[in-house]
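Peer 1: Next comes the structure file work26.cif, holding mmCIF, C-alpha atoms.
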```cif
data_coords
loop_
_atom_site.label_atom_id
_atom_site.label_comp_id
_atom_site.auth_asym_id
_atom_site.auth_seq_id
_atom_site.Cartn_x
_atom_site.Cartn_y
_atom_site.Cartn_z
CA MET A 1 50.11 -1.90 12.27
CA THR A 2 48.34 -3.96 14.90
CA ASP A 3 46.70 -7.32 14.39
CA PRO A 4 42.94 -6.68 13.82
CA GLN A 5 42.16 -9.47 16.31
CA THR A 6 44.12 -7.76 19.10
CA PRO A 7 42.07 -5.54 21.44
CA LEU A 8 42.98 -1.90 21.02
CA SER A 9 43.75 0.43 23.94
CA PHE A 10 44.66 4.09 23.84
CA ASP A 11 44.86 7.10 26.13
CA THR A 12 43.10 10.33 25.26
CA SER A 13 44.22 13.86 25.83
CA GLY A 14 42.10 16.81 26.86
CA PRO A 15 39.53 17.07 29.64
CA ARG A 16 39.30 13.30 30.10
CA ARG A 17 43.03 12.79 30.04
CA GLY A 18 44.17 9.47 31.35
CA MET A 19 41.00 7.59 30.48
CA THR A 20 41.68 4.38 28.63
CA TYR A 21 39.31 3.03 26.02
CA ARG A 22 39.41 -0.58 24.98
CA ILE A 23 37.84 -2.02 21.84
CA ASP A 24 37.53 -5.76 22.31
CA ALA A 25 35.45 -6.68 19.29
CA PRO A 26 37.11 -7.07 15.91
CA ALA A 27 36.21 -4.37 13.42
CA ALA A 28 33.27 -4.86 11.10
CA TYR A 29 31.78 -3.13 8.10
CA GLN A 30 28.13 -2.11 8.02
CA SER A 31 25.99 -1.10 5.10
CA THR A 32 22.37 -0.08 4.99
CA LYS A 33 19.58 -0.42 2.48
CA SER A 34 16.41 1.64 2.75
CA TYR A 35 13.10 1.45 0.97
CA GLY A 36 11.32 4.67 1.88
CA HIS A 37 7.68 5.64 2.16
CA GLU A 38 7.82 6.82 -1.46
CA MET A 39 8.26 3.19 -2.61
CA GLY A 40 4.52 2.69 -2.15
CA PHE A 41 4.39 -0.30 0.18
CA SER A 42 0.81 0.68 1.07
CA CYS A 43 -0.36 -1.81 3.61
CA CYS A 44 -3.43 -2.09 5.85
CA PHE A 45 -3.68 -3.91 9.18
CA ARG A 46 -5.19 -3.68 12.62
CA GLN A 47 -4.14 -4.37 16.19
CA TRP A 48 -7.17 -6.35 17.26
CA ARG A 49 -5.98 -6.48 20.89
CA ALA A 50 -5.75 -2.68 21.17
CA ASP A 51 -8.30 -0.73 23.22
CA SER A 52 -7.71 2.33 21.04
CA HIS A 53 -8.54 3.23 17.46
CA CYS A 54 -5.61 0.98 16.43
CA ARG A 55 -8.07 -1.94 16.66
CA LEU A 56 -9.66 -0.61 13.47
CA LEU A 57 -8.32 -1.25 9.99
CA HIS A 58 -5.81 1.43 9.07
CA GLY A 59 -2.90 1.67 6.71
CA TYR A 60 0.44 3.24 5.95
CA ALA A 61 2.99 3.47 3.20
CA LEU A 62 5.56 1.45 5.13
CA ALA A 63 9.28 2.13 4.95
CA PHE A 64 12.02 -0.41 5.64
CA LYS A 65 15.67 -0.03 6.65
CA PHE A 66 18.11 -2.92 6.78
CA ILE A 67 21.53 -2.90 8.46
CA PHE A 68 23.97 -5.53 7.20
CA GLU A 69 27.33 -6.30 8.81
CA SER A 70 30.40 -8.30 7.93
CA LYS A 71 33.97 -8.58 9.13
CA THR A 72 35.04 -9.03 5.53
CA LEU A 73 34.16 -7.43 2.22
CA ASP A 74 33.50 -9.33 -0.98
CA VAL A 75 35.77 -9.13 -4.04
CA ARG A 76 34.16 -5.79 -5.00
CA ASN A 77 34.79 -4.39 -1.48
CA TRP A 78 31.08 -4.54 -0.59
CA VAL A 79 29.22 -6.01 2.37
CA VAL A 80 26.24 -6.74 0.09
CA ASP A 81 25.60 -6.03 -3.56
CA PHE A 82 22.73 -3.50 -3.46
CA GLY A 83 21.80 -4.46 -7.02
CA GLY A 84 21.54 -8.07 -5.86
CA LEU A 85 18.80 -7.16 -3.38
CA LYS A 86 16.08 -7.15 -6.05
CA PRO A 87 14.55 -10.39 -4.67
CA LEU A 88 14.32 -8.73 -1.25
CA LYS A 89 12.49 -5.76 -2.78
CA ALA A 90 10.18 -8.14 -4.65
CA MET A 91 9.33 -9.91 -1.38
CA LEU A 92 8.48 -6.55 0.22
CA GLN A 93 6.28 -5.63 -2.75
CA ASP A 94 4.51 -8.98 -2.72
CA THR A 95 3.82 -8.84 1.02
CA PHE A 96 3.22 -5.13 1.66
CA ASP A 97 2.17 -3.42 -1.58
CA HIS A 98 -1.60 -2.88 -1.58
CA THR A 99 -2.21 -5.68 0.88
CA LEU A 100 -4.25 -6.26 4.01
CA LEU A 101 -2.26 -8.04 6.71
CA VAL A 102 -4.34 -10.30 8.94
CA ALA A 103 -2.97 -11.80 12.15
CA GLU A 104 -3.51 -15.55 12.36
CA ASP A 105 -5.20 -15.17 15.75
CA ASP A 106 -7.47 -12.24 14.83
CA PRO A 107 -11.02 -13.17 15.90
CA LYS A 108 -12.29 -11.51 12.69
CA LYS A 109 -9.78 -13.37 10.53
CA GLN A 110 -12.39 -15.18 8.45
CA VAL A 111 -14.29 -11.97 7.73
CA LEU A 112 -11.06 -10.32 6.58
CA LEU A 113 -9.95 -13.33 4.54
CA ASP A 114 -13.34 -13.31 2.82
CA LEU A 115 -12.61 -9.80 1.53
CA ASP A 116 -10.12 -11.56 -0.73
CA ARG A 117 -11.44 -15.08 -1.25
CA VAL A 118 -15.16 -14.35 -1.52
CA HIS A 119 -15.46 -10.70 -2.53
CA GLY A 120 -12.19 -10.09 -4.37
CA ILE A 121 -11.81 -6.58 -2.96
CA ALA A 122 -8.56 -7.03 -1.01
CA ARG A 123 -5.28 -8.86 -1.36
CA VAL A 124 -5.02 -10.46 2.07
CA VAL A 125 -1.74 -11.75 3.51
CA GLU A 126 -1.99 -13.83 6.67
CA VAL A 127 0.85 -13.21 9.13
CA SER A 128 1.64 -14.58 12.58
CA ALA A 129 0.97 -11.17 14.16
CA SER A 130 0.45 -7.59 13.01
CA GLY A 131 2.01 -4.26 13.96
CA CYS A 132 5.36 -2.64 13.31
CA GLU A 133 7.34 -4.68 15.83
CA ARG A 134 6.13 -8.03 14.57
CA THR A 135 6.40 -6.89 10.94
CA ALA A 136 10.04 -5.95 11.56
CA GLU A 137 10.62 -9.39 13.09
CA LEU A 138 8.94 -11.17 10.16
CA VAL A 139 10.96 -9.21 7.59
CA TYR A 140 14.15 -9.85 9.59
CA GLN A 141 13.55 -13.62 9.61
CA VAL A 142 12.73 -13.79 5.91
CA THR A 143 15.72 -11.59 4.99
CA GLU A 144 18.14 -13.52 7.18
CA GLN A 145 17.14 -16.77 5.46
CA TRP A 146 17.33 -15.13 2.04
CA LEU A 147 20.88 -13.93 2.77
CA LYS A 148 21.97 -17.49 3.56
CA ASP A 149 20.24 -18.92 0.49
CA ALA A 150 21.70 -16.21 -1.78
CA GLY A 151 25.28 -16.95 -0.75
CA TYR A 152 25.78 -14.11 1.73
CA GLY A 153 27.02 -16.43 4.49
CA HIS A 154 29.61 -13.86 5.56
CA VAL A 155 26.89 -11.23 6.21
CA HIS A 156 25.00 -10.76 9.46
CA LEU A 157 21.68 -8.94 9.35
CA VAL A 158 21.93 -6.59 12.33
CA SER A 159 18.43 -5.15 12.24
CA VAL A 160 15.31 -4.31 10.32
CA GLU A 161 13.41 -1.10 10.97
CA VAL A 162 9.80 -0.68 9.84
CA ALA A 163 8.32 2.83 9.84
CA GLU A 164 4.63 3.66 9.61
CA HIS A 165 5.51 7.31 9.03
CA GLY A 166 8.15 9.80 10.13
CA ALA A 167 7.18 9.67 13.80
CA ASN A 168 6.58 5.93 14.40
CA SER A 169 8.87 3.02 13.72
CA ALA A 170 9.97 -0.25 15.31
CA VAL A 171 13.29 -2.04 15.05
CA TYR A 172 13.93 -5.75 15.35
CA VAL A 173 17.54 -6.55 16.26
CA GLY A 174 18.70 -10.10 15.70
CA GLU A 175 21.00 -12.06 17.93
CA ARG A 176 24.64 -11.17 17.52
CA ALA A 177 26.59 -13.79 15.68
CA THR A 178 29.75 -14.83 17.48
CA GLN A 179 31.60 -14.99 14.16
CA VAL A 180 30.69 -12.49 11.47
CA GLY A 181 32.55 -12.99 8.25
CA GLY A 182 35.07 -15.42 7.04
#
```
What would the structure in this file look like if it were written as structure tokens?
Peer 2:
Amino acid sequence: MTDPQTPLSFDTSGPRRGMTYRIDAPAAYQSTKSYGHEMGFSCCFRQWRADSHCRLLHGYALAFKFIFESKTLDVRNWVVDFGGLKPLKAMLQDTFDHTLLVAEDDPKKQVLLDLDRVHGIARVVEVSASGCERTAELVYQVTEQWLKDAGYGHVHLVSVEVAEHGANSAVYVGERATQVGG
């Protein structure tokens, strides 16, 4: 048995015989959590800077996928306790379930905010920027902080993927921690 901190080298047989592969990074465990389109995170937004129809209000039942990583497992042999992610799901529901996301720099921001504050016909959530990429980044940042606050200091959030539908998604990948796990 080799020390898990020691880089691993081995020769392969077959057509690429003699090639040496080296794994320098210590091993890690990954687990994923997905909240699919069927969860009903029906959210409306617009890309006000777009020259296309994306500048108009439009919506999707968003889906989210999280990848968690740790060098160590907890006492139950888990990276994260999936049942313990209920606060994460609640945050997603509060932010993306039947809401209208409005970018803080949208020139029509006040009109859109008034749909909530004045007319009561929308639940408006103001965000720094809209779109899948920035939504993935926002969810990543909130989730990363939640992990720390919830006692998951040994866990690194690798990425968050946000999908509008089966054909379009964006992934935000956080910076790699130099030390993952305890």
Peer 1: What separation in Å, quoted to one decimal, exists between atom CA of Ser130 of chain A and atom CA of Leu88 of chain A?
Peer 2: 19.9 Å
Peer 1: Show me a table, sorted first by chain and then by increasing residue number, of the residues of segment 41-118 of chain A having an atom at most 10 Å from segment 156-167 of chain A, each with its shortest atom pair and the distance in Å to one decimal, counting all atoms listed in the file and written as a tab-separated table.
Peer 2:
```
residue	atom	partner	partner_atom	distance
A:Ser42	CA	A:Glu164	CA	9.8
A:Cys43	CA	A:Glu164	CA	9.5
A:Gly59	CA	A:Glu164	CA	8.3
A:Tyr60	CA	A:Glu164	CA	5.6
A:Ala61	CA	A:Glu164	CA	6.6
A:Leu62	CA	A:Glu164	CA	5.1
A:Ala63	CA	A:Ala163	CA	5.0
A:Phe64	CA	A:Val162	CA	4.8
A:Lys65	CA	A:Glu161	CA	5.0
A:Phe66	CA	A:Val160	CA	4.7
A:Ile67	CA	A:Val158	CA	5.4
A:Phe68	CA	A:Leu157	CA	4.6
A:Glu69	CA	A:His156	CA	5.1
A:Ser70	CA	A:His156	CA	6.1
A:Lys71	CA	A:His156	CA	9.2
A:Val79	CA	A:His156	CA	9.5
```
Peer 1: For this structure, which residues satisfy the selection - the PyMOL selection byres ((chain A and resi 110-112) around 10) - when it is evaluated on the file as given? I want them as a list in words.
Peer 2: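 Selected by the PyMOL selection byres ((chain A and resi 110-112) around 10) in this file: Leu100, Leu101, Val102, Ala103, Glu104, Asp106, Pro107, Lys108, Lys109, Leu113, Asp114, Leu115, Asp116, Arg117, Val118, Ala122, Arg123, Val124, Val125 and Glu126 of chain A.
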Peer 1: Do you have the atom CA of Gly36 of chain A-atom CA of Val142 of chain A distance handy?
Peer 2: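 Atom-to-atom, atom CA of Gly36 of chain A and atom CA of Val142 of chain A are spaced 18.9 Å apart.
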Peer 1: Between atom CA of Asp74 of chain A and atom CA of Tyr172 of chain A, what is the spacing in Å?
Peer 2: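 Result for atom CA of Tyr172 of chain A versus atom CA of Asp74 of chain A: 25.7 Å, one decimal.
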